[in-house]
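Trainee: First, the structure itself, so that you have it in front of you.
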Amino acid sequence: MEVSASSSNPTLREFGCEQSLLSRPDGSSSFIQGVTSVLAGVYGPAEVKVSKEIYDRATLEVVIQPKVGLPSVRERAREQCVRETCEASLLSMLHPRSSLTLVLQLVHDDGSLLACFLNAACMALMDAGLPMSCLFCGVTCAIDSEGQITTDPTAAQEKESRALMTFAIDSKECRVMMSSTKGSFSVHELQKCIAVSQKASEKIFQFYRDSVKRRYSKTI
């Protein structure tokens with residue numbers, strides 16, 4: 001499962017996805033990247049509290065639940081990244097004065113967790129049938145001490161890296177919708193990581209298509 005990236009052909013760990021596995025949410029998904037695993041559930045559109053009501057669009061709330069214990073500052077930061085990405089993708093103006101809730105449950109973390117959260121969120125939104133202007137995916141890049149870029153790094157590779165970047169890429173124009181960075185890197189390295197992530201997103205979007213195609217070919 002070791003992964004090293006070149007801008008021409010970045011390598012990713014194996015993916016796994018299942019939709020509609022939970023009965024209570026309006027849409028749900030399980031997303032696996034290597035050993036990293038996340039569950040996602042979407043509730044809504046539903047009635048919203050008056051204090052949170054927005055007159056011209058839906059109110060989106062994202063909640064990340066850790067494997068054990070209560071959410072920390074790290075979860076709050078990831079919630080903001082996921083929420084901003086979803087808000088940029090969802091056509092929330094079609095559901096004004098309503099509430100959308102996305103709950104993400106960590107099952108196992110072996111690196112590239114924020115990217116896995118983004119991928120699980122997108123598949124859950126698709127399962128809920130919510131209108132979206134585009135799909136999105138998450139790609140994580142790690143830069144080691146020698147300047148080598150690794151896509152979809154494991155937890156061990158993240159620990160050894162001097163810089164870690166996660167990008168949300170849209171499906172229409174492969175543009176960057178959101179970025180989260182940590183560590184020290186040059187502008188050239190940032191641009192290179194964006195290019196690698198955009199190339200890697202093609203494989204993830206193809207996985208989305210294959211996954212949905214397999215699902216509906218069974219129901220038909």
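By convention here, the chains of the structure tokens are called A, B, ... in the order presented, each chain's residues are numbered starting at 1, and ligands are numbered starting at 1 in the order presented.
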Env of region 97-109 of chain A: 7 Å cut, atoms = only C-alpha atoms, seq-sep filter 5 positions within chain, self excluded. Answer as JSON, numbers by chain.
Mentor: {"A": [35, 36, 37, 38, 39, 40, 41, 42, 43, 44, 45, 46, 47, 48, 53, 54, 55, 56, 57, 58, 59, 60, 61, 62, 63, 64, 65, 66, 67, 117]}
Trainee: Using the selection just defined, write its residues with N, CA and C atoms as a compact mmCIF listing (two decimals), in the first residue's frame.
Mentor:
```txt
# COMPACT_ATOMS: atom_id res chain seq x y z
N VAL A 35 -6.84 1.72 5.04
CA VAL A 35 -7.40 1.28 6.32
C VAL A 35 -8.23 2.38 6.97
N THR A 36 -8.11 3.61 6.48
CA THR A 36 -8.90 4.73 7.00
C THR A 36 -10.36 4.53 6.62
N SER A 37 -11.26 4.64 7.60
CA SER A 37 -12.67 4.35 7.37
C SER A 37 -13.55 5.38 8.06
N VAL A 38 -14.61 5.83 7.35
CA VAL A 38 -15.51 6.86 7.85
C VAL A 38 -16.95 6.50 7.49
N LEU A 39 -17.88 6.80 8.39
CA LEU A 39 -19.32 6.69 8.12
C LEU A 39 -19.90 8.09 8.02
N ALA A 40 -20.85 8.29 7.10
CA ALA A 40 -21.49 9.60 6.94
C ALA A 40 -22.99 9.43 6.85
N GLY A 41 -23.72 10.36 7.48
CA GLY A 41 -25.17 10.37 7.41
C GLY A 41 -25.68 11.79 7.17
N VAL A 42 -26.65 11.94 6.27
CA VAL A 42 -27.23 13.24 5.95
C VAL A 42 -28.70 13.26 6.37
N TYR A 43 -29.09 14.31 7.09
CA TYR A 43 -30.47 14.47 7.52
C TYR A 43 -31.02 15.78 6.93
N GLY A 44 -32.19 15.72 6.31
CA GLY A 44 -32.80 16.93 5.77
C GLY A 44 -33.06 16.85 4.28
N PRO A 45 -33.66 17.92 3.73
CA PRO A 45 -34.03 19.18 4.38
C PRO A 45 -35.10 18.98 5.45
N ALA A 46 -34.94 19.67 6.57
CA ALA A 46 -35.87 19.57 7.68
C ALA A 46 -36.10 20.97 8.26
N GLU A 47 -36.99 21.02 9.24
CA GLU A 47 -37.29 22.30 9.89
C GLU A 47 -36.06 22.80 10.63
N VAL A 48 -35.85 24.10 10.60
CA VAL A 48 -34.67 24.70 11.22
C VAL A 48 -35.08 25.60 12.38
N GLU A 53 -32.07 30.11 11.19
CA GLU A 53 -32.74 30.19 9.89
C GLU A 53 -32.08 31.22 8.98
N ILE A 54 -31.89 30.84 7.71
CA ILE A 54 -31.38 31.75 6.67
C ILE A 54 -32.49 31.86 5.62
N TYR A 55 -32.91 33.07 5.33
CA TYR A 55 -34.13 33.25 4.53
C TYR A 55 -34.00 32.81 3.08
N ASP A 56 -32.77 32.82 2.52
CA ASP A 56 -32.63 32.53 1.09
C ASP A 56 -31.93 31.22 0.78
N ARG A 57 -31.58 30.43 1.80
CA ARG A 57 -30.92 29.15 1.54
C ARG A 57 -31.01 28.25 2.77
N ALA A 58 -30.63 27.00 2.59
CA ALA A 58 -30.65 26.05 3.69
C ALA A 58 -29.46 26.28 4.63
N THR A 59 -29.65 25.95 5.88
CA THR A 59 -28.58 26.02 6.87
C THR A 59 -27.91 24.65 6.96
N LEU A 60 -26.61 24.60 6.72
CA LEU A 60 -25.88 23.33 6.76
C LEU A 60 -25.05 23.24 8.04
N GLU A 61 -25.24 22.15 8.76
CA GLU A 61 -24.46 21.89 9.96
C GLU A 61 -23.67 20.60 9.76
N VAL A 62 -22.39 20.63 10.07
CA VAL A 62 -21.52 19.46 9.94
C VAL A 62 -21.01 19.08 11.33
N VAL A 63 -21.18 17.81 11.67
CA VAL A 63 -20.74 17.31 12.98
C VAL A 63 -19.80 16.12 12.75
N ILE A 64 -18.59 16.20 13.29
CA ILE A 64 -17.63 15.10 13.21
C ILE A 64 -17.50 14.47 14.59
N GLN A 65 -17.76 13.17 14.64
CA GLN A 65 -17.66 12.44 15.89
C GLN A 65 -16.37 11.61 15.90
N PRO A 66 -15.49 11.81 16.90
CA PRO A 66 -14.27 11.00 16.97
C PRO A 66 -14.60 9.56 17.36
N LYS A 67 -13.61 8.70 17.25
CA LYS A 67 -13.81 7.28 17.57
C LYS A 67 -14.19 7.09 19.03
N PHE A 117 -13.07 12.08 4.94
CA PHE A 117 -14.30 12.76 5.37
C PHE A 117 -15.00 13.42 4.18
```
Trainee: Considering only C-alpha atoms, return as a ChimeraX atom specification whatever protein or nucleic-acid residues lie within 10 Å of Leu90 (chain A), sequence-local ones (same chain, fewer than 6 positions apart) excluded.
Mentor: /A:58,60,125,130-135
Trainee: Write a file of the just-selected residues containing N, CA and C atoms, as an mmCIF file, in the first residue's frame.
Mentor:
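After the write, selection.cif holds the following:
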```
data_model
loop_
_atom_site.group_PDB
_atom_site.id
_atom_site.type_symbol
_atom_site.label_atom_id
_atom_site.label_comp_id
_atom_site.auth_asym_id
_atom_site.auth_seq_id
_atom_site.Cartn_x
_atom_site.Cartn_y
_atom_site.Cartn_z
ATOM 1 N N ALA A 58 -30.631 27.001 2.591
ATOM 2 C CA ALA A 58 -30.649 26.047 3.692
ATOM 3 C C ALA A 58 -29.461 26.281 4.626
ATOM 4 N N LEU A 60 -26.612 24.598 6.721
ATOM 5 C CA LEU A 60 -25.877 23.331 6.761
ATOM 6 C C LEU A 60 -25.052 23.241 8.040
ATOM 7 N N LEU A 125 -24.206 12.820 0.374
ATOM 8 C CA LEU A 125 -25.056 13.850 -0.240
ATOM 9 C C LEU A 125 -25.691 13.329 -1.525
ATOM 10 N N LEU A 130 -29.698 15.218 -2.824
ATOM 11 C CA LEU A 130 -29.705 16.674 -2.718
ATOM 12 C C LEU A 130 -29.133 17.303 -3.991
ATOM 13 N N PRO A 131 -29.719 18.424 -4.448
ATOM 14 C CA PRO A 131 -29.220 19.061 -5.672
ATOM 15 C C PRO A 131 -27.846 19.677 -5.467
ATOM 16 N N MET A 132 -26.931 19.392 -6.384
ATOM 17 C CA MET A 132 -25.562 19.882 -6.289
ATOM 18 C C MET A 132 -25.120 20.435 -7.636
ATOM 19 N N SER A 133 -24.316 21.476 -7.609
ATOM 20 C CA SER A 133 -23.793 22.053 -8.846
ATOM 21 C C SER A 133 -22.659 21.206 -9.404
ATOM 22 N N CYS A 134 -21.981 20.453 -8.531
ATOM 23 C CA CYS A 134 -20.892 19.567 -8.942
ATOM 24 C C CYS A 134 -20.607 18.603 -7.802
ATOM 25 N N LEU A 135 -19.891 17.534 -8.116
ATOM 26 C CA LEU A 135 -19.390 16.647 -7.070
ATOM 27 C C LEU A 135 -18.033 17.174 -6.608
#
```
Trainee: Using Å and a single decimal, report how far CA of Ile204 (chain A) sits from CA of Phe15 (chain A).
Mentor: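 Spanning CA of Phe15 (chain A) to CA of Ile204 (chain A) is a straight-line distance of 8.5 Å.
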Trainee: Run DSSP on the backbone and grab whatever in region 81-146 of chain A lands in alpha helix (DSSP H); send it over as a list of chain:residue names.
Mentor: A:Cys81, A:Val82, A:Arg83, A:Glu84, A:Thr85, A:Cys86, A:Glu87, A:Ala88, A:Ser89, A:Leu113, A:Leu114, A:Ala115, A:Cys116, A:Phe117, A:Leu118, A:Asn119, A:Ala120, A:Ala121, A:Cys122, A:Met123, A:Ala124, A:Leu125, A:Met126, A:Asp127, A:Ala128
Trainee: Find, counting only C-alpha atoms, the residue in A:Ile32, A:Leu114, A:Ala120, A:Ile194 that gets nearest to Glu75 (chain A).
Mentor: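 Counting only C-alpha atoms, the residue closest to Glu75 (chain A) is A:Leu114.
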Trainee: Need the shell around Asp144 (chain A): protein/DNA/RNA residues with any atom at most 9 Å away, counting only C-alpha atoms. Skip same-chain ones fewer than 2 positions apart. Format as a PyMOL selection string?
Mentor: chain A and resi 142+146-150+157-158+160-163
Trainee: Rounded to one decimal in Å, what is the spacing between CA of Val139 (chain A) and CA of Ser89 (chain A)?
Mentor: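 Result for CA of Val139 (chain A) versus CA of Ser89 (chain A): 16.5 Å, one decimal.
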Trainee: Considering only C-alpha atoms, state which residue in the set A:Thr11, A:Gln33, A:Ser184, A:Ser211 is at the smallest distance from Leu113 (chain A).
Mentor: A:Gln33
Trainee: Record the distance separating CA of Val82 (chain A) and CA of Ala168 (chain A), expressed in Å with one decimal.
Mentor: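 Pair CA of Val82 (chain A) / CA of Ala168 (chain A) returns 8.8 Å.
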Trainee: Identify which of the residues A:Asp170, A:Asp152, A:Asp127, A:Glu189 lies closest to Pro10 (chain A), counting only C-alpha atoms when measuring atom-to-atom distances.
Mentor: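 Closest to Pro10 (chain A) of all the choices is A:Asp152.
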Trainee: Using only C-alpha atoms for the distances, tell me which of A:Gly111, A:Gly34, A:Gly138, A:Pro71 is nearest to Thr85 (chain A).
Mentor: A:Gly138
Trainee: Apply DSSP to the structure's backbone, then extract all residues of region 53-213 of chain A labelled strand (DSSP E or B) and return them as number ranges by chain.
Mentor: A: 59-65, 90, 99-108, 132, 136-143, 149-151, 163-170, 176-183
Trainee: Given the selection you just returned, output its residues as a file containing C-alpha atoms, formatted as a PDB file, in the first residue's frame.
Mentor:
```
ATOM      1  CA  THR A  59     -28.581  26.019   6.870  1.00  0.00           C
ATOM      2  CA  LEU A  60     -25.877  23.331   6.761  1.00  0.00           C
ATOM      3  CA  GLU A  61     -24.456  21.889   9.959  1.00  0.00           C
ATOM      4  CA  VAL A  62     -21.517  19.456   9.943  1.00  0.00           C
ATOM      5  CA  VAL A  63     -20.739  17.308  12.976  1.00  0.00           C
ATOM      6  CA  ILE A  64     -17.627  15.100  13.212  1.00  0.00           C
ATOM      7  CA  GLN A  65     -17.665  12.435  15.889  1.00  0.00           C
ATOM      8  CA  LEU A  90     -24.858  22.260  -2.744  1.00  0.00           C
ATOM      9  CA  SER A  99     -31.880  22.606   7.847  1.00  0.00           C
ATOM     10  CA  LEU A 100     -29.340  20.108   6.494  1.00  0.00           C
ATOM     11  CA  THR A 101     -27.207  18.107   8.919  1.00  0.00           C
ATOM     12  CA  LEU A 102     -24.171  16.045   7.944  1.00  0.00           C
ATOM     13  CA  VAL A 103     -22.800  13.698  10.610  1.00  0.00           C
ATOM     14  CA  LEU A 104     -19.386  12.077  10.064  1.00  0.00           C
ATOM     15  CA  GLN A 105     -18.270   9.253  12.320  1.00  0.00           C
ATOM     16  CA  LEU A 106     -14.615   8.223  12.421  1.00  0.00           C
ATOM     17  CA  VAL A 107     -14.237   4.440  12.373  1.00  0.00           C
ATOM     18  CA  HIS A 108     -10.472   4.108  11.892  1.00  0.00           C
ATOM     19  CA  MET A 132     -25.562  19.882  -6.289  1.00  0.00           C
ATOM     20  CA  PHE A 136     -16.216  17.011  -5.044  1.00  0.00           C
ATOM     21  CA  CYS A 137     -13.479  14.788  -3.666  1.00  0.00           C
ATOM     22  CA  GLY A 138     -10.655  15.093  -1.179  1.00  0.00           C
ATOM     23  CA  VAL A 139      -6.972  14.409  -1.898  1.00  0.00           C
ATOM     24  CA  THR A 140      -4.177  14.550   0.675  1.00  0.00           C
ATOM     25  CA  CYS A 141      -0.511  15.108  -0.248  1.00  0.00           C
ATOM     26  CA  ALA A 142       2.508  14.737   2.053  1.00  0.00           C
ATOM     27  CA  ILE A 143       5.978  16.160   1.359  1.00  0.00           C
ATOM     28  CA  ILE A 149       5.326  14.069  -2.762  1.00  0.00           C
ATOM     29  CA  THR A 150       3.154  11.197  -1.548  1.00  0.00           C
ATOM     30  CA  THR A 151      -0.572  11.108  -2.335  1.00  0.00           C
ATOM     31  CA  ALA A 163       4.285  19.339   5.077  1.00  0.00           C
ATOM     32  CA  LEU A 164       0.754  18.007   4.722  1.00  0.00           C
ATOM     33  CA  MET A 165      -1.913  19.379   2.370  1.00  0.00           C
ATOM     34  CA  THR A 166      -5.511  18.367   1.717  1.00  0.00           C
ATOM     35  CA  PHE A 167      -7.466  19.742  -1.237  1.00  0.00           C
ATOM     36  CA  ALA A 168     -11.131  19.521  -2.181  1.00  0.00           C
ATOM     37  CA  ILE A 169     -11.394  19.270  -5.982  1.00  0.00           C
ATOM     38  CA  ASP A 170     -14.599  19.805  -7.978  1.00  0.00           C
ATOM     39  CA  VAL A 176      -9.585  23.723  -5.857  1.00  0.00           C
ATOM     40  CA  MET A 177     -12.657  24.365  -3.688  1.00  0.00           C
ATOM     41  CA  MET A 178     -10.890  24.178  -0.319  1.00  0.00           C
ATOM     42  CA  SER A 179      -7.377  23.666   0.985  1.00  0.00           C
ATOM     43  CA  SER A 180      -5.997  22.771   4.396  1.00  0.00           C
ATOM     44  CA  THR A 181      -2.230  22.908   4.914  1.00  0.00           C
ATOM     45  CA  LYS A 182       0.208  22.143   7.702  1.00  0.00           C
ATOM     46  CA  GLY A 183       3.983  22.486   7.851  1.00  0.00           C
TER      47      GLY A 183
END
```
Trainee: Find the residue from A:Gly129, A:Leu118, A:Cys174, A:Glu87 that sits nearest to Asp26 (chain A); use only C-alpha atoms when measuring.
Mentor: A:Gly129
